[in-house]
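The structure appears right after this line, and notes come after that.
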Amino acid sequence: MTLRKYLVLLAVVAFGATGDTFLARGMKQVGSIDVQHLPQLLHALLNPWVFVGIFCLLGFMWSYMTALSFADLTFVLPATAVGYVVMALLGRFWLHEHISPLRWLGIALIVGGVGLVAGGPSRTEHPGDSSSEGGQ
Amino acid sequence: MRVLYTWVCIAITVCAAAAGDVFLALAMRRIGDLGELRKQHGFRAVLGRVLGSSALFCGIFFMAVAFFSNLVGLSWADLTLMGPASAALTFVTNALGAKLFLHENVDRRRWIATIFVCLGVLLLTRS
């Protein structure tokens, strides 16, 4: 794994976390949407938070596609789960939120999972792959 | 009734997200390392190969289904159920999809990592 590849994984984490946060905030403002009124979803797209969230998720999409071009899906997904930890730690140290012992256990499990997957190869070699570069 | 709707939303979100990820991973594996491709042939070639991939558009379609299903679920405000359940279940269904359809080498280390992350996300978002 090169520095560029770690930066791509970092971009997946950053864009994913910010996109979800903006989207959740926007949908809170939009309010409930009934199953009978699904076109209201288009109205939700006009909300500025939802709009910025979608913009961030486009950045997420591009970096995610780049990550999948050099690593397995079962490597990228656990490796980028570190975003949950970043959000929890931001909540603890920036917003002074309380983190219960169960949540600390959750953080430890995610860090353990990320450490496990990051220690192994990032790519399964298949005959006929376009990528010339594989392995770690 | 709302609980039923929420679980239907979770099921649609999880299945569609897994299908989207598997199609996307398949497309990107066929296209090759985007960084290397850009270095060798330039950005226009990258864009051409990405936009010419049918698997990619299948992936985007399923991701859009997952996105709107998630959006509907979030609008019902049952965040404490919707968020953790769909996030944690997606890790497992993706690992299964990657093993079955992409033939990735999901060895014991990756299964343990997936289960760790799945449980961690569940604890982090539920408690």
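In the structure tokens, chains take letters A, B, ... by order of appearance, with residues numbered from 1 within each chain and ligands from 1 in the order shown.
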
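Residues from chain B found within 6 Å of chain A are Ala25, Met28, Arg29, Arg30, Gly32, Asp33, Leu34, Ser75, Trp76, Ala95, Glu104, Asn105, Arg110, Ala113, Phe116, Val117, Gly120, Leu123 and Leu124 of chain B, counting only C-alpha atoms.
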
Can I get the selection written as a PDB file, in the first residue's frame, with N, CA and C atoms?
ATOM      1  N   ALA B  25     -17.680  -3.014  -7.336  1.00  0.00           N
ATOM      2  CA  ALA B  25     -16.372  -3.659  -7.180  1.00  0.00           C
ATOM      3  C   ALA B  25     -16.016  -4.448  -8.436  1.00  0.00           C
ATOM      4  N   MET B  28     -14.963  -1.933 -11.131  1.00  0.00           N
ATOM      5  CA  MET B  28     -13.654  -1.327 -10.890  1.00  0.00           C
ATOM      6  C   MET B  28     -12.529  -2.348 -11.055  1.00  0.00           C
ATOM      7  N   ARG B  29     -12.833  -3.620 -10.755  1.00  0.00           N
ATOM      8  CA  ARG B  29     -11.814  -4.650 -10.972  1.00  0.00           C
ATOM      9  C   ARG B  29     -11.536  -4.799 -12.469  1.00  0.00           C
ATOM     10  N   ARG B  30     -12.621  -4.742 -13.284  1.00  0.00           N
ATOM     11  CA  ARG B  30     -12.458  -4.873 -14.734  1.00  0.00           C
ATOM     12  C   ARG B  30     -11.710  -3.667 -15.309  1.00  0.00           C
ATOM     13  N   GLY B  32      -9.582  -1.569 -13.699  1.00  0.00           N
ATOM     14  CA  GLY B  32      -8.188  -1.513 -13.247  1.00  0.00           C
ATOM     15  C   GLY B  32      -7.927  -0.306 -12.368  1.00  0.00           C
ATOM     16  N   ASP B  33      -6.719  -0.238 -11.818  1.00  0.00           N
ATOM     17  CA  ASP B  33      -6.335   0.835 -10.884  1.00  0.00           C
ATOM     18  C   ASP B  33      -6.464   2.201 -11.565  1.00  0.00           C
ATOM     19  N   LEU B  34      -7.374   3.026 -11.057  1.00  0.00           N
ATOM     20  CA  LEU B  34      -7.638   4.335 -11.688  1.00  0.00           C
ATOM     21  C   LEU B  34      -6.403   5.228 -11.667  1.00  0.00           C
ATOM     22  N   SER B  75     -36.526   9.477   7.285  1.00  0.00           N
ATOM     23  CA  SER B  75     -37.581  10.484   7.458  1.00  0.00           C
ATOM     24  C   SER B  75     -38.610  10.025   8.496  1.00  0.00           C
ATOM     25  N   TRP B  76     -38.664   8.699   8.778  1.00  0.00           N
ATOM     26  CA  TRP B  76     -39.585   8.220   9.811  1.00  0.00           C
ATOM     27  C   TRP B  76     -38.944   8.325  11.193  1.00  0.00           C
ATOM     28  N   ALA B  95     -19.811  -8.951   2.590  1.00  0.00           N
ATOM     29  CA  ALA B  95     -18.785  -9.995   2.657  1.00  0.00           C
ATOM     30  C   ALA B  95     -19.294 -11.258   1.948  1.00  0.00           C
ATOM     31  N   GLU B 104     -13.811 -13.265  -3.970  1.00  0.00           N
ATOM     32  CA  GLU B 104     -12.700 -12.698  -3.196  1.00  0.00           C
ATOM     33  C   GLU B 104     -12.244 -13.709  -2.155  1.00  0.00           C
ATOM     34  N   ASN B 105     -10.984 -13.623  -1.807  1.00  0.00           N
ATOM     35  CA  ASN B 105     -10.436 -14.527  -0.804  1.00  0.00           C
ATOM     36  C   ASN B 105     -10.809 -14.010   0.592  1.00  0.00           C
ATOM     37  N   ARG B 110     -10.350 -11.939   7.440  1.00  0.00           N
ATOM     38  CA  ARG B 110     -11.341 -10.961   6.950  1.00  0.00           C
ATOM     39  C   ARG B 110     -12.719 -11.188   7.563  1.00  0.00           C
ATOM     40  N   ALA B 113     -12.518  -9.786  11.023  1.00  0.00           N
ATOM     41  CA  ALA B 113     -12.516  -8.320  10.924  1.00  0.00           C
ATOM     42  C   ALA B 113     -13.926  -7.807  10.632  1.00  0.00           C
ATOM     43  N   PHE B 116     -16.037  -8.186  13.759  1.00  0.00           N
ATOM     44  CA  PHE B 116     -15.606  -7.165  14.735  1.00  0.00           C
ATOM     45  C   PHE B 116     -16.224  -5.807  14.384  1.00  0.00           C
ATOM     46  N   VAL B 117     -16.080  -5.419  13.102  1.00  0.00           N
ATOM     47  CA  VAL B 117     -16.571  -4.105  12.667  1.00  0.00           C
ATOM     48  C   VAL B 117     -18.093  -4.056  12.782  1.00  0.00           C
ATOM     49  N   GLY B 120     -18.962  -3.766  16.375  1.00  0.00           N
ATOM     50  CA  GLY B 120     -18.518  -2.445  16.834  1.00  0.00           C
ATOM     51  C   GLY B 120     -19.467  -1.348  16.398  1.00  0.00           C
ATOM     52  N   LEU B 123     -22.677  -1.577  18.417  1.00  0.00           N
ATOM     53  CA  LEU B 123     -22.525  -1.037  19.771  1.00  0.00           C
ATOM     54  C   LEU B 123     -22.424   0.486  19.760  1.00  0.00           C
ATOM     55  N   LEU B 124     -21.649   0.978  18.785  1.00  0.00           N
ATOM     56  CA  LEU B 124     -21.380   2.421  18.718  1.00  0.00           C
ATOM     57  C   LEU B 124     -22.633   3.226  18.396  1.00  0.00           C
TER      58      LEU B 124
END

What does the distance between atom CA of B:Val50 and atom CA of A:Leu10 come to in Å, to one decimal place? 21.8 Å

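The coordinates place atom CA of B:Leu102 at 26.6 Å from atom CA of B:Gln40.
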
Taking 3 positions as the minimum chain separation for residues in the same chain, which residues sit within 6 Å of A:Gly19 when counting only C-alpha atoms? Answer as a VMD selection string. chain A and resid 15 to 16 22 53 56 to 57

One decimal, in Å: what's the spacing between atom CA of B:Leu26 and atom CA of B:Gly59? 9.0 Å

Quick one: DSSP alpha helix (DSSP H) residues in chain A, as a PyMOL selection string? chain A and resi 3-30+40-44+48-70+73-80+82-93+101-118

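Proximity of A:Trp62, A:Tyr6, A:Trp49, A:Phe55 to A:Thr80, computed with only C-alpha atoms, is greatest for A:Tyr6.
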
Go through B:Arg126, B:Val121, B:Leu24, B:Val8 one by one, measure the shortest atom-to-atom distance of each to B:Ala55 using only C-alpha atoms, and give the residue with the smallest value. B:Leu24

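Shortest separation to B:Val14 among B:Phe67, B:Ala98, B:Val72, B:Arg109 occurs at residue B:Phe67, atoms counted being only C-alpha atoms.
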